[in-house]
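Asks: So I've got this file, my_file_21.cif, and it contains mmCIF, C-alpha atoms:
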```
data_coords
loop_
_atom_site.label_atom_id
_atom_site.label_comp_id
_atom_site.auth_asym_id
_atom_site.auth_seq_id
_atom_site.Cartn_x
_atom_site.Cartn_y
_atom_site.Cartn_z
CA MET S 14 -56.63 21.85 94.02
CA THR S 15 -55.74 18.63 95.79
CA ILE S 16 -54.11 18.70 99.21
CA GLU S 17 -53.34 16.30 102.00
CA MET S 18 -56.42 16.56 104.18
CA THR S 19 -56.72 15.06 107.65
CA VAL S 20 -60.09 13.70 108.79
CA VAL S 21 -60.61 13.72 112.56
CA HIS S 22 -63.55 12.56 114.64
CA SER S 23 -62.52 13.51 118.17
CA ILE S 24 -62.33 16.92 119.80
CA GLU S 25 -59.05 16.03 121.50
CA ALA S 26 -57.38 15.08 118.21
CA LEU S 27 -58.61 18.23 116.47
CA GLN S 28 -57.46 20.56 119.23
CA GLY S 29 -54.06 18.87 119.37
CA MET S 30 -53.52 19.51 115.67
CA LEU S 31 -54.72 23.10 115.89
CA ASP S 32 -52.65 23.91 118.98
CA ARG S 33 -49.47 22.96 117.10
CA ASN S 34 -50.39 25.16 114.16
CA LYS S 35 -51.37 28.12 116.34
CA ARG S 36 -48.09 27.95 118.26
CA GLU S 37 -46.36 28.39 114.92
CA GLY S 38 -48.42 31.51 114.20
CA ARG S 39 -50.79 30.09 111.59
CA LYS S 40 -54.22 31.70 111.15
CA VAL S 41 -57.24 29.40 111.19
CA GLY S 42 -60.32 29.80 109.01
CA PHE S 43 -63.40 27.79 109.93
CA VAL S 44 -66.32 26.58 107.77
CA PRO S 45 -69.07 24.93 109.86
CA THR S 46 -71.52 22.82 107.85
CA MET S 47 -74.10 20.06 108.17
CA GLY S 48 -72.65 18.27 105.17
CA PHE S 49 -74.08 17.11 101.84
CA LEU S 50 -71.76 19.71 100.39
CA HIS S 51 -72.56 21.83 97.36
CA GLU S 52 -71.07 24.77 95.49
CA GLY S 53 -72.15 27.20 98.20
CA HIS S 54 -70.00 25.39 100.76
CA MET S 55 -67.10 25.34 98.32
CA THR S 56 -67.34 29.13 98.03
CA LEU S 57 -66.99 29.38 101.81
CA VAL S 58 -63.88 27.22 101.65
CA LYS S 59 -62.44 29.32 98.82
CA GLN S 60 -62.82 32.48 100.88
CA ALA S 61 -61.29 30.80 103.93
CA ARG S 62 -58.41 29.45 101.82
CA GLU S 63 -57.56 32.92 100.54
CA HIS S 64 -57.31 34.56 103.96
CA ASN S 65 -55.99 31.88 106.32
CA ASP S 66 -53.12 29.42 106.64
CA ILE S 67 -55.25 26.52 107.88
CA VAL S 68 -58.84 25.75 106.81
CA VAL S 69 -60.99 23.64 109.10
CA MET S 70 -64.40 22.38 108.00
CA SER S 71 -66.83 20.67 110.34
CA ILE S 72 -69.58 18.33 109.15
CA PHE S 73 -72.14 17.69 111.85
CA VAL S 74 -75.90 17.28 111.47
CA ASN S 75 -76.83 18.94 114.74
CA PRO S 76 -79.77 17.20 116.45
CA ALA S 77 -80.18 20.11 118.86
CA GLN S 78 -81.57 22.40 116.15
CA PHE S 79 -84.23 20.00 114.84
CA GLY S 80 -87.65 20.09 116.48
CA PRO S 81 -90.26 17.30 116.75
CA GLY S 82 -91.45 16.21 113.32
CA GLU S 83 -88.62 18.00 111.50
CA ASP S 84 -86.30 16.31 109.02
CA PHE S 85 -83.32 15.27 111.17
CA GLU S 86 -83.40 11.64 110.04
CA ALA S 87 -84.21 12.61 106.46
CA TYR S 88 -81.49 15.26 106.22
CA PRO S 89 -79.22 14.14 103.34
CA ARG S 90 -75.88 12.63 104.30
CA ASP S 91 -72.96 11.30 102.24
CA ALA S 92 -69.73 11.28 104.25
CA LYS S 93 -67.53 9.76 101.54
CA ARG S 94 -68.66 12.25 98.90
CA ASP S 95 -68.32 15.16 101.34
CA ALA S 96 -64.76 14.19 102.26
CA SER S 97 -63.79 14.04 98.59
CA LEU S 98 -65.31 17.46 97.86
CA ALA S 99 -63.73 19.02 100.94
CA LYS S 100 -60.30 17.74 99.96
CA GLU S 101 -60.68 18.99 96.41
CA ALA S 102 -61.78 22.42 97.66
CA GLY S 103 -58.69 22.87 99.82
CA VAL S 104 -59.77 21.92 103.35
CA ASP S 105 -56.81 21.04 105.60
CA ILE S 106 -58.71 19.44 108.49
CA LEU S 107 -62.17 17.89 108.23
CA PHE S 108 -63.86 17.48 111.62
CA MET S 109 -66.66 14.89 111.56
CA PRO S 110 -67.83 14.22 115.13
CA THR S 111 -70.70 12.02 116.27
CA PRO S 112 -73.54 13.39 118.42
CA GLU S 113 -72.04 11.45 121.33
CA GLU S 114 -68.70 13.24 120.83
CA MET S 115 -70.34 16.67 120.69
CA TYR S 116 -72.91 16.09 123.44
CA PRO S 117 -71.55 13.49 125.88
CA LEU S 118 -73.22 15.11 128.90
CA ASP S 119 -76.10 17.51 129.52
CA GLY S 120 -75.89 19.65 132.63
CA GLY S 121 -79.00 21.61 131.70
CA VAL S 122 -77.25 24.88 130.75
CA ARG S 123 -79.07 26.61 127.91
CA ILE S 124 -78.35 29.51 125.54
CA LEU S 125 -81.43 31.53 124.63
CA PRO S 126 -81.32 33.78 121.56
CA GLY S 127 -83.05 37.14 121.74
CA PRO S 128 -85.84 38.79 119.70
CA GLN S 129 -84.06 38.08 116.41
CA SER S 130 -85.09 34.43 116.81
CA LYS S 131 -88.83 35.16 117.07
CA VAL S 132 -89.36 36.16 113.43
CA LEU S 133 -88.87 34.55 109.99
CA CYS S 134 -87.89 30.86 110.39
CA GLY S 135 -87.77 31.18 114.16
CA ALA S 136 -91.47 32.03 114.37
CA SER S 137 -92.47 28.52 113.30
CA ARG S 138 -89.45 26.66 114.71
CA PRO S 139 -89.37 27.26 118.47
CA GLY S 140 -86.07 26.20 119.96
CA HIS S 141 -84.31 25.96 116.59
CA PHE S 142 -81.90 28.83 117.19
CA ASP S 143 -81.26 27.68 120.76
CA GLY S 144 -79.78 24.57 119.16
CA VAL S 145 -77.89 26.59 116.56
CA LEU S 146 -76.19 28.74 119.21
CA LYS S 147 -75.47 25.66 121.31
CA VAL S 148 -73.51 23.95 118.56
CA VAL S 149 -71.92 27.17 117.26
CA LEU S 150 -70.53 28.04 120.69
CA LYS S 151 -69.17 24.54 121.13
CA LEU S 152 -67.54 24.59 117.69
CA PHE S 153 -66.05 28.05 118.23
CA ASN S 154 -64.61 26.91 121.57
CA ILE S 155 -63.26 23.69 120.06
CA VAL S 156 -61.70 25.23 116.94
CA ASP S 157 -60.96 28.76 118.26
CA PRO S 158 -60.82 30.11 114.69
CA ASP S 159 -59.51 33.51 113.68
CA ARG S 160 -62.26 33.78 111.07
CA SER S 161 -65.51 31.87 110.56
CA TYR S 162 -67.39 31.78 107.25
CA PHE S 163 -71.18 31.76 106.83
CA GLY S 164 -73.34 32.03 103.73
CA MET S 165 -75.96 34.74 103.38
CA LYS S 166 -78.67 32.24 102.42
CA ASP S 167 -79.27 31.58 106.12
CA ALA S 168 -79.42 35.31 106.79
CA GLN S 169 -81.40 35.05 110.03
CA GLN S 170 -78.97 32.52 111.43
CA LEU S 171 -76.07 34.74 110.38
CA ALA S 172 -77.59 37.82 112.06
CA ILE S 173 -78.12 35.91 115.31
CA ILE S 174 -74.57 34.52 115.26
CA GLU S 175 -73.11 37.97 114.54
CA THR S 176 -75.03 39.36 117.50
CA PHE S 177 -73.95 36.47 119.73
CA VAL S 178 -70.27 36.93 118.83
CA ARG S 179 -70.48 40.69 119.40
CA ASP S 180 -72.38 40.59 122.68
CA TYR S 181 -70.35 37.78 124.25
CA ASN S 182 -66.90 38.85 123.04
CA LEU S 183 -66.16 35.66 121.15
CA ARG S 184 -62.75 35.83 119.51
CA THR S 185 -63.63 34.81 115.99
CA SER S 186 -64.45 37.24 113.18
CA ILE S 187 -67.66 36.41 111.27
CA GLU S 188 -67.25 36.66 107.49
CA ARG S 189 -70.36 36.99 105.30
CA VAL S 190 -70.28 35.13 101.98
CA PRO S 191 -72.79 35.83 99.15
CA ILE S 192 -75.48 33.32 98.21
CA VAL S 193 -74.45 30.87 95.49
CA ARG S 194 -77.18 30.11 92.96
CA ASP S 195 -77.86 27.74 90.10
CA GLN S 196 -78.10 29.30 86.64
CA ASP S 197 -81.88 29.60 86.98
CA GLY S 198 -81.56 31.54 90.24
CA LEU S 199 -82.37 28.85 92.81
CA ALA S 200 -80.19 29.20 95.89
CA LYS S 201 -77.89 26.24 96.42
CA SER S 202 -79.10 24.09 99.32
CA SER S 203 -78.48 20.58 100.61
CA ARG S 204 -82.27 20.14 100.63
CA ASN S 205 -82.65 20.79 96.88
CA VAL S 206 -81.93 17.11 96.25
CA ASN S 207 -85.30 16.30 97.85
CA LEU S 208 -87.28 18.24 95.24
CA THR S 209 -89.20 16.36 92.58
CA GLU S 210 -88.52 17.24 88.95
CA MET S 211 -91.61 19.45 88.83
CA GLU S 212 -90.82 21.13 92.15
CA ARG S 213 -87.25 21.82 91.04
CA ALA S 214 -88.57 23.43 87.84
CA GLU S 215 -90.89 25.69 89.89
CA ALA S 216 -88.51 26.60 92.72
CA PRO S 217 -86.69 29.49 90.93
CA VAL S 218 -89.95 31.44 91.30
CA ILE S 219 -88.72 32.31 94.80
CA GLN S 220 -85.83 34.45 93.60
CA GLN S 221 -87.98 35.92 90.84
CA ALA S 222 -90.47 37.06 93.47
CA LEU S 223 -87.73 38.53 95.67
CA LYS S 224 -86.37 40.49 92.71
CA LYS S 225 -89.83 41.95 92.13
CA GLY S 226 -90.00 42.83 95.81
CA ALA S 227 -86.61 44.55 95.70
CA LEU S 228 -87.72 46.70 92.77
CA LEU S 229 -90.86 47.71 94.68
CA PHE S 230 -88.74 48.52 97.74
CA ASN S 231 -86.56 50.83 95.68
CA LYS S 232 -89.72 52.60 94.45
CA GLY S 233 -90.85 53.25 98.02
CA VAL S 234 -93.80 50.83 98.04
CA SER S 235 -95.16 49.99 101.51
CA VAL S 236 -94.00 46.93 103.44
CA ASP S 237 -97.45 45.31 103.43
CA GLU S 238 -97.85 45.71 99.68
CA ILE S 239 -94.38 44.30 98.96
CA GLU S 240 -95.02 41.25 101.13
CA GLN S 241 -98.41 40.68 99.52
CA GLU S 242 -96.99 40.98 95.99
CA ILE S 243 -94.24 38.44 96.70
CA ALA S 244 -96.65 35.91 98.24
CA ALA S 245 -99.11 36.31 95.38
CA PHE S 246 -96.42 35.90 92.72
CA ILE S 247 -95.12 32.67 94.25
CA THR S 248 -98.62 31.26 94.81
CA GLU S 249 -99.79 32.10 91.31
CA ASN S 250 -96.70 30.77 89.55
CA SER S 251 -95.95 27.57 91.44
CA SER S 252 -97.37 24.84 93.64
CA GLY S 253 -95.31 26.15 96.55
CA ILE S 254 -97.03 26.83 99.88
CA MET S 255 -95.96 30.05 101.59
CA ASP S 256 -94.57 29.70 105.10
CA TYR S 257 -93.74 33.39 105.43
CA VAL S 258 -92.54 36.46 103.61
CA SER S 259 -91.19 39.39 105.60
CA LEU S 260 -89.44 42.71 105.07
CA LEU S 261 -87.40 43.66 108.14
CA SER S 262 -84.39 45.74 109.13
CA TYR S 263 -81.08 43.89 108.95
CA PRO S 264 -79.32 42.57 110.96
CA ALA S 265 -81.58 43.62 113.87
CA LEU S 266 -84.58 41.83 112.27
CA THR S 267 -86.98 44.41 113.64
CA GLU S 268 -89.89 46.08 111.87
CA TRP S 269 -88.69 48.10 108.89
CA ASP S 270 -89.09 51.83 109.55
CA GLY S 271 -86.46 53.23 107.19
CA SER S 272 -83.93 54.03 109.93
CA SER S 273 -81.63 51.05 109.30
CA ASP S 274 -78.90 51.02 106.66
CA GLU S 275 -80.04 47.62 105.40
CA ALA S 276 -83.28 45.72 105.01
CA ILE S 277 -83.92 42.05 104.33
CA LEU S 278 -86.64 40.56 102.17
CA ALA S 279 -86.89 36.92 103.22
CA CYS S 280 -89.27 34.09 102.56
CA ALA S 281 -89.75 30.39 103.14
CA VAL S 282 -91.74 28.20 100.76
CA LYS S 283 -92.68 24.52 101.01
CA PHE S 284 -92.57 22.36 97.92
CA GLY S 285 -94.01 19.04 99.01
CA LYS S 286 -92.01 18.06 102.10
CA THR S 287 -89.09 20.33 101.22
CA ARG S 288 -88.89 23.76 102.82
CA LEU S 289 -86.77 26.29 100.92
CA ILE S 290 -85.58 29.66 102.22
CA ASP S 291 -84.16 32.61 100.33
CA ASN S 292 -83.59 36.32 100.80
CA THR S 293 -82.16 39.49 99.42
CA ILE S 294 -80.48 42.28 101.37
CA MET S 295 -81.28 45.85 100.34
CA SER S 296 -80.21 49.34 101.34
CA THR S 297 -81.35 52.90 100.75
CA LYS S 298 -78.73 52.90 97.98
CA GLY S 299 -80.37 49.98 96.20
CA TRP S 300 -80.24 46.22 96.01
CA LEU S 301 -76.98 44.86 97.40
CA THR S 302 -75.03 42.15 95.61
CA CYS S 303 -74.50 40.01 98.74
CA SER S 304 -77.71 38.06 98.12
CA GLU S 305 -77.88 38.08 94.33
#
```
Could you render the structure as structure tokens?

Replies:
Amino acid sequence: MTIEMTVVHSIEALQGMLDRNKREGRKVGFVPTMGFLHEGHMTLVKQAREHNDIVVMSIFVNPAQFGPGEDFEAYPRDAKRDASLAKEAGVDILFMPTPEEMYPLDGGVRILPGPQSKVLCGASRPGHFDGVLKVVLKLFNIVDPDRSYFGMKDAQQLAIIETFVRDYNLRTSIERVPIVRDQDGLAKSSRNVNLTEMERAEAPVIQQALKKGALLFNKGVSVDEIEQEIAAFITENSSGIMDYVSLLSYPALTEWDGSSDEAILACAVKFGKTRLIDNTIMSTKGWLTCSE
């Protein structure tokens, strides 16, 4: 599908375009990204295209969510390629602001996420989700979308954003989109390009381990044993270094006690300098397809 896509860099220009469309009753779907687009992003656009009149995608590598020593400068970027892929996928408006456009002033106001941010990736990345909520709130206020689309690969981020939208009465509806994977099971990620050939060959072990964990969960095996089995499988079958593996309730991200309808098995593994995350969502009825 090829459409006429408009690329805008200023908030004022974007809001002017959207105001005209909203006055005419058009529904807006929003796909926020940090660019270096892949098939997972295209799936978000496809969902947005099916349910909305106008599809807006943002590409912004958000400095507020990168801590000291993290890979902000190394994060892959290719604006020309991204614009071509966005147009082909069916994006109507591509918003590509600079950090100066998004953060011209700093009055010191901060948004602090709750307990959901203290586990999984948040445990080793203090301040990361503060930055995520900062940019998400700004983007929601700028675009004012009817629906916003997020992939399940970043399940912790999604849970925190869902909670934020619910608790603060934000007008957008959050739409969950299943993880998109390569044929060998590796979750699509902009960071996959940083893997060496050997690391890329080993990385599918993450999903293999999560599948084993899901089977153990369905058999009623204890949380500790499931977590230990996953970590051991990844360590024994790859050069990956475990950051964490956790089984928690979802989306509350509290200790699993069997009272929640859903549970998440999530892990982060470092291959060289590249940190990969993955997860599967489960229920008392079995392994759900949203993370397959």

Asks: Name the closest residue to Gly164 of chain S among the candidates S:Val104, S:Met115, S:Leu152, S:Val58; distances are taken between atoms, counting only C-alpha atoms.

Replies: S:Val58

Asks: Using atom CA of Phe284 of chain S and atom CA of Leu223 of chain S as the two end points, give the distance in Å to one decimal.

Replies: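 So the answer is 17.0 Å.
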
Asks: Using Å and a single decimal, report how far atom CA of Ala281 of chain S sits from atom CA of Arg204 of chain S.

Replies: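 Between these atoms lies a distance of 12.9 Å.
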
Asks: Mind pulling up the distance from atom CA of Asn65 of chain S to atom CA of Arg36 of chain S?

Replies: 14.8 Å

Asks: Leaving out Glu114 of chain S and any residue of its chain fewer than 4 positions from it, which residues lie within 10 Å of it when counting all atoms listed in the file, given as a ChimeraX atom specification?

Replies: /S:22-24,109-110,118

Asks: So which one's closest to Glu242 of chain S, S:Met30, S:Leu261, S:Ala222, S:Leu183? Using only C-alpha atoms, please.

Replies: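 Of all the options, S:Ala222 lies closest to Glu242 of chain S.
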
Asks: Taking only C-alpha atoms into account, which of S:Ile67, S:Val218, S:Val122, S:Ile294 comes nearest Asn34 of chain S?

Replies: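 Answer, going by the shortest atom-to-atom distance: S:Ile67.
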
Asks: Applying the PyMOL selection byres ((chain S and resi 165) around 12) to the file I just gave you, which residues come out? Please list them as number ranges by chain.

Replies: S: 53-54, 56-57, 162-164, 166-172, 174-175, 187-194, 200-202, 263-264, 277, 279, 290-294, 301-305

Asks: For the structure shown, which residues end up in the PyMOL selection byres ((chain S and resi 88) around 10)? Put them as a list in words, please?

Replies: Met47, Gly48, Phe49, Val74, Glu83, Asp84, Phe85, Glu86, Ala87, Pro89, Arg90, Ser203, Arg204 and Asn207 of chain S

Asks: Can you tell me which residues surround Pro217 of chain S at a distance of at most 10 Å, considering all atoms listed in the file, apart from same-chain residues fewer than 5 positions away, and format the answer as a ChimeraX atom specification?

Replies: /S:194-200,212,222,247,251

Asks: Selection in question (the file shown): the PyMOL selection byres ((chain S and resi 275) around 10). Which residues does it include, as a PyMOL selection string?

Replies: chain S and resi 261-265+269+271-274+276-277+294-301

Asks: Using only C-alpha atoms, which residue out of S:Asp66, S:Glu25, S:Asp157, S:Glu249 lies closest to Glu37 of chain S?

Replies: S:Asp66

Asks: Of the candidates S:Asn231, S:Gln78, S:Ser252, S:Asn154, which shows the shortest atom-to-atom distance to Arg138 of chain S, using all atoms listed in the file?

Replies: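 Selected residue with least distance to Arg138 of chain S: S:Gln78.
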
Asks: Hey, which of S:Ile173, S:Val149, S:Leu208, S:Val178 ends up closest to Lys286 of chain S? Count only C-alpha atoms.

Replies: S:Leu208

Asks: Please list as number ranges by chain every residue within 12 Å of Val20 of chain S, counting all atoms listed in the file and excluding residues in the same chain fewer than 2 positions away.

Replies: S: 17-18, 22-24, 26-27, 30, 69-72, 92-93, 95-97, 99-100, 104-110

Asks: May I have the residues from that selection written out with C-alpha atoms, as an mmCIF file, in the coordinates of the input?

Replies:
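As a result, out.cif now contains:
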```
data_model
loop_
_atom_site.group_PDB
_atom_site.id
_atom_site.type_symbol
_atom_site.label_atom_id
_atom_site.label_comp_id
_atom_site.auth_asym_id
_atom_site.auth_seq_id
_atom_site.Cartn_x
_atom_site.Cartn_y
_atom_site.Cartn_z
ATOM 1 C CA GLU S 17 -53.340 16.300 102.000
ATOM 2 C CA MET S 18 -56.420 16.560 104.180
ATOM 3 C CA HIS S 22 -63.550 12.560 114.640
ATOM 4 C CA SER S 23 -62.520 13.510 118.170
ATOM 5 C CA ILE S 24 -62.330 16.920 119.800
ATOM 6 C CA ALA S 26 -57.380 15.080 118.210
ATOM 7 C CA LEU S 27 -58.610 18.230 116.470
ATOM 8 C CA MET S 30 -53.520 19.510 115.670
ATOM 9 C CA VAL S 69 -60.990 23.640 109.100
ATOM 10 C CA MET S 70 -64.400 22.380 108.000
ATOM 11 C CA SER S 71 -66.830 20.670 110.340
ATOM 12 C CA ILE S 72 -69.580 18.330 109.150
ATOM 13 C CA ALA S 92 -69.730 11.280 104.250
ATOM 14 C CA LYS S 93 -67.530 9.760 101.540
ATOM 15 C CA ASP S 95 -68.320 15.160 101.340
ATOM 16 C CA ALA S 96 -64.760 14.190 102.260
ATOM 17 C CA SER S 97 -63.790 14.040 98.590
ATOM 18 C CA ALA S 99 -63.730 19.020 100.940
ATOM 19 C CA LYS S 100 -60.300 17.740 99.960
ATOM 20 C CA VAL S 104 -59.770 21.920 103.350
ATOM 21 C CA ASP S 105 -56.810 21.040 105.600
ATOM 22 C CA ILE S 106 -58.710 19.440 108.490
ATOM 23 C CA LEU S 107 -62.170 17.890 108.230
ATOM 24 C CA PHE S 108 -63.860 17.480 111.620
ATOM 25 C CA MET S 109 -66.660 14.890 111.560
ATOM 26 C CA PRO S 110 -67.830 14.220 115.130
#
```
